[in-house]
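*Asks:* Compact mmCIF, C-alpha atoms, file upload-v5.txt:
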```txt
# COMPACT_ATOMS: atom_id res chain seq x y z
CA MET A 1 -5.43 12.81 9.93
CA THR A 2 -5.54 15.32 7.06
CA LEU A 3 -2.49 17.47 6.38
CA ALA A 4 -2.76 20.54 4.16
CA GLY A 5 -0.68 20.51 1.01
CA VAL A 6 0.24 16.82 0.97
CA GLU A 7 -0.91 14.01 -1.29
CA ASP A 8 -0.74 10.25 -0.92
CA ARG A 9 1.72 8.29 -3.02
CA TYR A 10 2.51 4.57 -2.95
CA VAL A 11 5.83 2.87 -3.64
CA GLU A 12 6.51 -0.84 -4.06
CA THR A 13 9.45 -1.99 -1.94
CA VAL A 14 11.14 -5.10 -0.60
CA LEU A 15 8.80 -4.85 2.43
CA GLY A 16 5.62 -4.30 0.47
CA ARG A 17 3.65 -1.28 -0.66
CA ILE A 18 4.55 1.83 1.32
CA ARG A 19 2.27 4.85 1.69
CA LEU A 20 3.88 8.26 1.58
CA ARG A 21 2.39 11.68 2.23
CA ILE A 22 4.23 14.16 0.01
CA GLY A 23 4.05 17.92 -0.33
CA GLY A 24 6.12 20.99 -1.10
CA GLU A 25 9.04 21.67 -3.41
CA GLY A 26 12.78 21.91 -2.92
CA PRO A 27 15.35 19.59 -1.36
CA THR A 28 13.72 16.39 -0.10
CA MET A 29 13.24 15.62 3.61
CA LEU A 30 12.12 12.07 4.44
CA PHE A 31 10.57 11.36 7.84
CA TRP A 32 10.26 7.85 9.36
CA PRO A 33 8.43 7.46 12.71
CA SER A 34 8.57 5.21 15.75
CA LEU A 35 7.03 1.78 16.13
CA LEU A 36 3.23 1.91 16.48
CA MET A 37 3.10 5.38 14.85
CA ASP A 38 2.51 6.44 11.26
CA GLY A 39 3.79 9.34 9.19
CA THR A 40 1.45 11.84 10.83
CA LEU A 41 3.77 11.78 13.85
CA TRP A 42 5.66 14.42 11.85
CA SER A 43 2.72 16.76 11.22
CA GLY A 44 4.43 19.61 13.06
CA GLN A 45 7.54 19.23 10.94
CA ALA A 46 5.57 18.94 7.69
CA LYS A 47 3.79 22.23 8.36
CA HIS A 48 7.06 23.95 9.24
CA PHE A 49 9.19 22.75 6.32
CA ILE A 50 6.70 22.36 3.45
CA ASP A 51 7.25 25.90 2.16
CA ARG A 52 10.97 25.26 1.58
CA PHE A 53 11.36 21.50 1.12
CA GLN A 54 9.66 18.52 -0.42
CA VAL A 55 8.48 16.69 2.69
CA VAL A 56 7.93 12.95 2.56
CA LEU A 57 6.14 11.36 5.52
CA VAL A 58 6.53 7.58 5.56
CA ASP A 59 4.01 5.11 6.92
CA PRO A 60 6.60 2.45 7.76
CA PRO A 61 6.18 -1.24 6.85
CA GLY A 62 3.15 -2.76 8.55
CA HIS A 63 1.80 0.59 9.77
CA GLY A 64 -0.79 3.12 8.62
CA GLY A 65 -1.64 2.80 4.96
CA SER A 66 1.35 0.60 4.12
CA SER A 67 1.10 -3.12 3.39
CA ALA A 68 0.84 -5.52 6.31
CA LEU A 69 3.98 -7.37 7.29
CA THR A 70 3.97 -11.15 6.95
CA GLY A 71 7.21 -11.77 8.83
CA PRO A 72 10.16 -10.08 10.52
CA PHE A 73 12.65 -7.93 8.63
CA SER A 74 16.23 -6.72 8.79
CA PHE A 75 17.35 -3.13 9.19
CA GLU A 76 19.12 -3.44 5.84
CA GLN A 77 15.74 -4.19 4.25
CA CYS A 78 14.31 -1.04 5.85
CA ALA A 79 17.21 0.93 4.36
CA GLU A 80 16.30 -0.62 1.00
CA VAL A 81 12.76 0.72 1.50
CA ILE A 82 14.18 4.24 1.76
CA ARG A 83 16.37 3.66 -1.30
CA ALA A 84 13.31 2.54 -3.28
CA ILE A 85 11.45 5.68 -2.19
CA VAL A 86 14.37 7.90 -3.21
CA ASP A 87 14.55 6.17 -6.59
CA ASP A 88 10.79 6.51 -7.10
CA LEU A 89 10.95 10.21 -6.28
CA GLY A 90 13.70 10.65 -8.86
CA VAL A 91 16.00 12.59 -6.54
CA GLU A 92 19.70 12.12 -5.89
CA GLN A 93 19.66 12.67 -2.12
CA VAL A 94 17.32 13.02 0.82
CA HIS A 95 17.71 14.46 4.27
CA VAL A 96 16.64 11.60 6.57
CA ILE A 97 14.88 12.39 9.84
CA GLY A 98 13.86 9.46 12.02
CA ASN A 99 12.42 8.82 15.45
CA SER A 100 13.27 5.63 17.42
CA TRP A 101 12.85 2.90 14.76
CA GLY A 102 13.20 5.67 12.20
CA GLY A 103 16.37 6.91 13.88
CA MET A 104 17.91 3.45 13.73
CA ILE A 105 16.97 3.11 10.07
CA GLY A 106 18.11 6.64 9.28
CA GLY A 107 21.54 5.72 10.61
CA THR A 108 21.51 2.45 8.68
CA PHE A 109 20.64 4.26 5.46
CA ALA A 110 23.33 6.90 6.02
CA ALA A 111 25.94 4.18 6.58
CA LEU A 112 24.93 2.00 3.62
CA HIS A 113 23.94 4.72 1.13
CA PRO A 114 26.14 7.75 1.83
CA ASP A 115 25.77 9.04 -1.72
CA ARG A 116 21.97 9.26 -1.30
CA THR A 117 22.03 10.94 2.12
CA GLY A 118 22.16 14.68 2.79
CA ILE A 119 21.98 15.17 6.54
CA ALA A 120 20.58 12.69 9.05
CA VAL A 121 18.68 13.61 12.21
CA LEU A 122 18.36 10.60 14.51
CA MET A 123 15.98 11.15 17.40
CA ASN A 124 15.18 9.08 20.50
CA ALA A 125 17.10 6.16 19.05
CA THR A 126 19.82 3.64 19.90
CA ALA A 127 22.58 1.72 18.18
CA SER A 128 22.69 -0.93 20.92
CA PRO A 129 20.92 -4.29 21.05
CA ALA A 130 17.95 -4.68 23.39
CA GLY A 131 18.65 -5.68 26.96
CA LEU A 132 16.88 -8.53 28.72
CA ARG A 133 14.39 -6.27 30.50
CA GLN A 134 13.29 -4.56 27.28
CA LYS A 135 12.96 -7.91 25.50
CA LEU A 136 10.76 -9.25 28.29
CA GLU A 137 8.60 -6.12 28.53
CA TYR A 138 7.94 -5.96 24.79
CA GLY A 139 7.36 -9.70 24.64
CA VAL A 140 4.60 -9.38 27.23
CA LEU A 141 3.16 -6.35 25.41
CA THR A 142 2.95 -8.07 22.02
CA ARG A 143 1.48 -11.29 23.45
CA THR A 144 -1.13 -9.36 25.41
CA ALA A 145 -1.96 -7.22 22.37
CA GLN A 146 -2.52 -10.36 20.32
CA LEU A 147 -4.91 -11.69 22.96
CA LEU A 148 -6.80 -8.38 23.08
CA GLY A 149 -6.81 -7.99 19.31
CA GLY A 150 -4.81 -4.75 19.43
CA ILE A 151 -3.42 -2.05 21.69
CA ARG A 152 -6.44 -1.17 23.75
CA GLY A 153 -7.78 -1.33 27.29
CA PRO A 154 -5.04 -2.10 29.82
CA LEU A 155 -2.29 -1.76 27.21
CA LYS A 156 -2.85 1.96 26.68
CA ASN A 157 -1.02 2.90 29.87
CA PRO A 158 2.22 0.93 29.28
CA VAL A 159 2.42 2.17 25.68
CA ARG A 160 1.81 5.75 26.80
CA ASP A 161 4.45 5.39 29.52
CA ALA A 162 6.99 4.02 27.04
CA PHE A 163 6.44 6.95 24.68
CA LEU A 164 5.60 9.96 26.84
CA GLY A 165 7.14 11.57 29.90
CA PRO A 166 5.67 13.49 32.82
CA THR A 167 5.65 16.82 30.96
CA ALA A 168 3.49 15.61 28.08
CA LYS A 169 1.21 13.56 30.32
CA ARG A 170 0.72 16.54 32.63
CA GLU A 171 0.56 19.45 30.18
CA LYS A 172 -0.22 18.14 26.67
CA PRO A 173 -3.47 16.15 26.54
CA GLU A 174 -3.58 16.49 22.75
CA VAL A 175 -0.26 14.62 22.52
CA VAL A 176 -1.54 11.85 24.78
CA ALA A 177 -4.69 11.58 22.66
CA THR A 178 -2.64 11.35 19.45
CA VAL A 179 -0.47 8.54 20.84
CA ASN A 180 -3.51 6.63 22.08
CA ASP A 181 -5.24 7.03 18.72
CA LEU A 182 -2.29 6.02 16.53
CA ALA A 183 -1.37 3.03 18.70
CA SER A 184 -4.97 1.80 18.72
CA ARG A 185 -4.98 1.73 14.91
CA VAL A 186 -2.08 -0.73 14.62
CA ASP A 187 -2.95 -4.13 13.17
CA ILE A 188 -1.19 -6.20 15.82
CA ARG A 189 -0.89 -9.23 13.50
CA SER A 190 1.36 -7.08 11.35
CA GLY A 191 2.76 -4.82 14.07
CA ARG A 192 4.15 -7.73 16.10
CA HIS A 193 6.59 -8.49 13.28
CA ALA A 194 7.85 -4.91 13.44
CA VAL A 195 8.12 -4.99 17.24
CA THR A 196 10.01 -8.31 17.09
CA SER A 197 12.43 -6.96 14.49
CA VAL A 198 13.06 -3.62 16.22
CA VAL A 199 13.21 -4.76 19.84
CA PRO A 200 14.35 -8.36 20.65
CA HIS A 201 16.02 -8.92 17.26
CA ARG A 202 17.57 -5.46 17.06
CA PRO A 203 21.22 -5.64 15.95
CA ASP A 204 24.20 -3.95 17.55
CA GLN A 205 24.82 -1.15 15.05
CA ARG A 206 27.67 0.71 16.74
CA GLU A 207 30.32 -0.67 14.39
CA LEU A 208 28.19 0.07 11.32
CA PHE A 209 27.47 3.60 12.56
CA SER A 210 31.21 4.23 12.96
CA THR A 211 31.37 4.22 9.14
CA ILE A 212 28.85 7.09 8.72
CA ARG A 213 30.38 10.13 7.05
CA THR A 214 27.29 12.26 6.48
CA PRO A 215 26.51 15.11 8.93
CA VAL A 216 24.43 13.68 11.79
CA LEU A 217 22.42 15.33 14.56
CA VAL A 218 21.42 13.01 17.40
CA VAL A 219 18.57 14.13 19.68
CA ALA A 220 17.72 12.57 23.04
CA GLY A 221 14.82 13.23 25.39
CA ALA A 222 15.64 13.81 29.04
CA GLU A 223 12.35 12.09 29.98
CA ASP A 224 12.77 9.15 27.57
CA ALA A 225 12.24 5.92 29.52
CA THR A 226 12.67 3.70 26.46
CA PHE A 227 16.10 4.93 25.36
CA PRO A 228 17.61 6.93 28.23
CA VAL A 229 19.98 9.79 27.46
CA ASP A 230 23.10 7.72 28.15
CA GLU A 231 22.09 5.10 25.60
CA THR A 232 21.33 7.64 22.90
CA GLU A 233 24.56 9.50 23.68
CA GLU A 234 26.44 6.22 23.20
CA MET A 235 24.92 6.02 19.74
CA ALA A 236 26.06 9.58 19.01
CA ASP A 237 29.57 8.71 20.23
CA SER A 238 29.74 5.87 17.71
CA ILE A 239 29.12 8.26 14.78
CA PRO A 240 32.14 10.33 13.71
CA GLY A 241 31.49 14.04 14.20
CA ALA A 242 27.87 13.65 15.32
CA ARG A 243 26.27 16.52 17.18
CA PHE A 244 24.35 15.51 20.32
CA VAL A 245 21.49 17.47 21.90
CA VAL A 246 19.17 16.70 24.83
CA LEU A 247 15.64 18.11 24.96
CA GLU A 248 14.82 18.59 28.62
CA GLN A 249 11.01 18.32 28.49
CA SER A 250 10.67 15.56 25.90
CA ALA A 251 10.47 11.80 26.19
CA HIS A 252 10.42 9.24 23.36
CA LEU A 253 8.43 11.18 20.72
CA ALA A 254 10.22 14.53 20.70
CA ALA A 255 8.85 15.61 17.32
CA LEU A 256 5.30 15.31 18.65
CA GLU A 257 5.98 16.50 22.19
CA SER A 258 8.22 19.48 21.36
CA PRO A 259 7.69 20.36 17.68
CA LYS A 260 8.95 23.95 17.85
CA GLU A 261 12.19 22.92 19.54
CA VAL A 262 12.74 20.05 17.11
CA ASN A 263 12.04 22.26 14.09
CA ALA A 264 14.53 24.83 15.36
CA LEU A 265 17.20 22.15 15.89
CA ILE A 266 16.74 20.83 12.36
CA ASP A 267 16.76 24.35 10.89
CA ASP A 268 19.96 25.24 12.73
CA PHE A 269 21.67 21.99 11.73
CA LEU A 270 20.70 22.43 8.08
CA ALA A 271 22.04 25.98 8.13
CA ASP A 272 25.29 24.91 9.77
CA GLN A 273 25.80 22.28 7.07
CA GLY A 274 24.92 24.68 4.27
CA ALA A 275 21.93 22.51 3.42
CA SER A 276 19.01 24.88 4.12
```
Please express what this file holds, its structure, as structure tokens.
*Replies:*
Amino acid sequence: MTLAGVEDRYVETVLGRIRLRIGGEGPTMLFWPSLLMDGTLWSGQAKHFIDRFQVVLVDPPGHGGSSALTGPFSFEQCAEVIRAIVDDLGVEQVHVIGNSWGGMIGGTFAALHPDRTGIAVLMNATASPAGLRQKLEYGVLTRTAQLLGGIRGPLKNPVRDAFLGPTAKREKPEVVATVNDLASRVDIRSGRHAVTSVVPHRPDQRELFSTIRTPVLVVAGAEDATFPVDETEEMADSIPGARFVVLEQSAHLAALESPKEVNALIDDFLADQGAS
């Protein structure tokens, strides 16, 4: 996918070479997507903010144009990836916006590197470890994907159902097509390491998140079947002073499903924190 005004840049990190799409000038906003997605998940945000901010869209480890993963990782290593990006950009701080995996890592980075964090917007995420049902479901998905050589055929429906709710599936065929396309591009040999690290091996981060002191906006999707509202609200409750918002017609990929609403939430939060 081509985005106007952005250029590719590559950064060497503890988890390999990471591709960034960078454009604009001003305070830096770094966007990290969900599992199975790449930085273009944030296209709607890039277009909205690029006139006022330097936007940095991350292809996370093992996804998109970034290096393949050769094994599982820790969330602390993912936070080190962001730190390496910030250092490479030569900026003091970044606003961190993350979805699902990106939300978990955005919180990790804010907790471990408060001096490098402006605001954090954590969307469709959790601070809780995976339950047995989620571990089993994702275990079946990754094993089946390995047998099929990727996320294709019969796996499209369960992936779509994990990411999208009834509103998007009924009214937004372009969103469904984007999810199908991005998921089908994942190299499952690499992607399975990310899935293993983010789902069955996911740590309980509630204690860590209780140390966050940066301004945090937590966004949940009322239609999110992967991380229901109660689970995301529990994450927000663990973060001192966090603001919590529910988007009624969004599921697990709010930035893609409801870009105008998400952009407005971020704009308002930035303004409230004097960071716009």
*Asks:* Find the residues near Val175 in chain A: any atom within 10 Å, counting all atoms listed in the file, skip ones fewer than 6 places away on the same chain, and give them as a list in words.
*Replies:* Leu41, Leu164, Ala168, Lys169, Asp181, Leu253, Leu256, Glu257 and Ser258 of chain A
*Asks:* Quick one: of A:Thr13, A:Ser210, A:Thr70, A:Thr226, who's nearest to Asp88 in chain A, counting only C-alpha atoms?
*Replies:*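 Ranked by minimum distance to Asp88 in chain A, first place goes to A:Thr13.
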*Asks:* What's around Glu248 in chain A at 9 Å? Count all atoms listed in the file, leave out sequence neighbours fewer than 3 positions away in its own chain, and write the answer as a ChimeraX atom specification.
*Replies:* /A:220-223,251
*Asks:* So which residues touch Asp38 in chain A within 10 Å, counting all atoms listed in the file, skipping near sequence neighbours fewer than 6 positions away, as a PyMOL selection string?
*Replies:* chain A and resi 19-20+32+57-66+182-183+185-186
*Asks:* Kindly indicate which residue among A:Ile82, A:Ile212, A:Val94, A:Ile22 lies nearest to Ser238 in chain A, using only C-alpha atoms for the distances.
*Replies:* A:Ile212
*Asks:* Which of these, A:Gly106, A:Gly71, A:Gly26, A:Pro228, has the shortest distance to Phe163 in chain A once you count only C-alpha atoms?
*Replies:*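 Checking each of A:Gly106, A:Gly71, A:Gly26, A:Pro228 against Phe163 in chain A, counting only C-alpha atoms, the winner is A:Pro228.
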*Asks:* For a test of reading the model, state the distance in Å between CA of Val96 in chain A and CA of Met29 in chain A, rounded to one decimal.
*Replies:*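 These two atoms are separated by 6.0 Å.
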*Asks:* Tell me which of A:Asn157, A:Gln54, A:Ser67, A:Thr232 sits closest to Asn99 in chain A, counting only C-alpha atoms.
*Replies:*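 Among the listed residues, the smallest separation from Asn99 in chain A belongs to A:Thr232.
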*Asks:* If the box runs along x, y and z of the file and leaves 8 Å on each side of range 217-231 of chain A, what are its centre and edge lengths in Å, one decimal, as lines of an AutoDock Vina configuration file?
*Replies:*
```
center_x = 17.7
center_y = 9.5
center_z = 22.3
size_x = 26.9
size_y = 27.6
size_z = 31.4
```
*Asks:* At a cut-off of 12 Å, using only C-alpha atoms, what residues contact range 259-270 of chain A? Leave out same-chain residues fewer than 4 positions from it and give the result as a ChimeraX atom specification.
*Replies:* /A:27,29,41-50,52-53,95-99,118-124,175,215-221,242-250,253-255,274-276
*Asks:* Which is closer to Thr167 in chain A than all the others in A:Leu3, A:His252, A:Val86, A:Thr196, using all atoms listed in the file?
*Replies:*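 Of A:Leu3, A:His252, A:Val86, A:Thr196, the one nearest Thr167 in chain A, counting all atoms listed in the file, is A:His252.
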*Asks:* Tell me which of A:Ala4, A:Leu30, A:Leu35, A:Ala236 sits closest to Ile188 in chain A, counting all atoms listed in the file.
*Replies:* A:Leu35
*Asks:* So how many Å separate CA of Gly16 in chain A and CA of Pro114 in chain A, to one decimal?
*Replies:*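 Distance reported for this atom pair: 23.8 Å.
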*Asks:* Can you measure CA of Glu92 in chain A to CA of Glu80 in chain A for me? One decimal in Å is fine.
*Replies:*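 Interatomic distance here is 14.9 Å.
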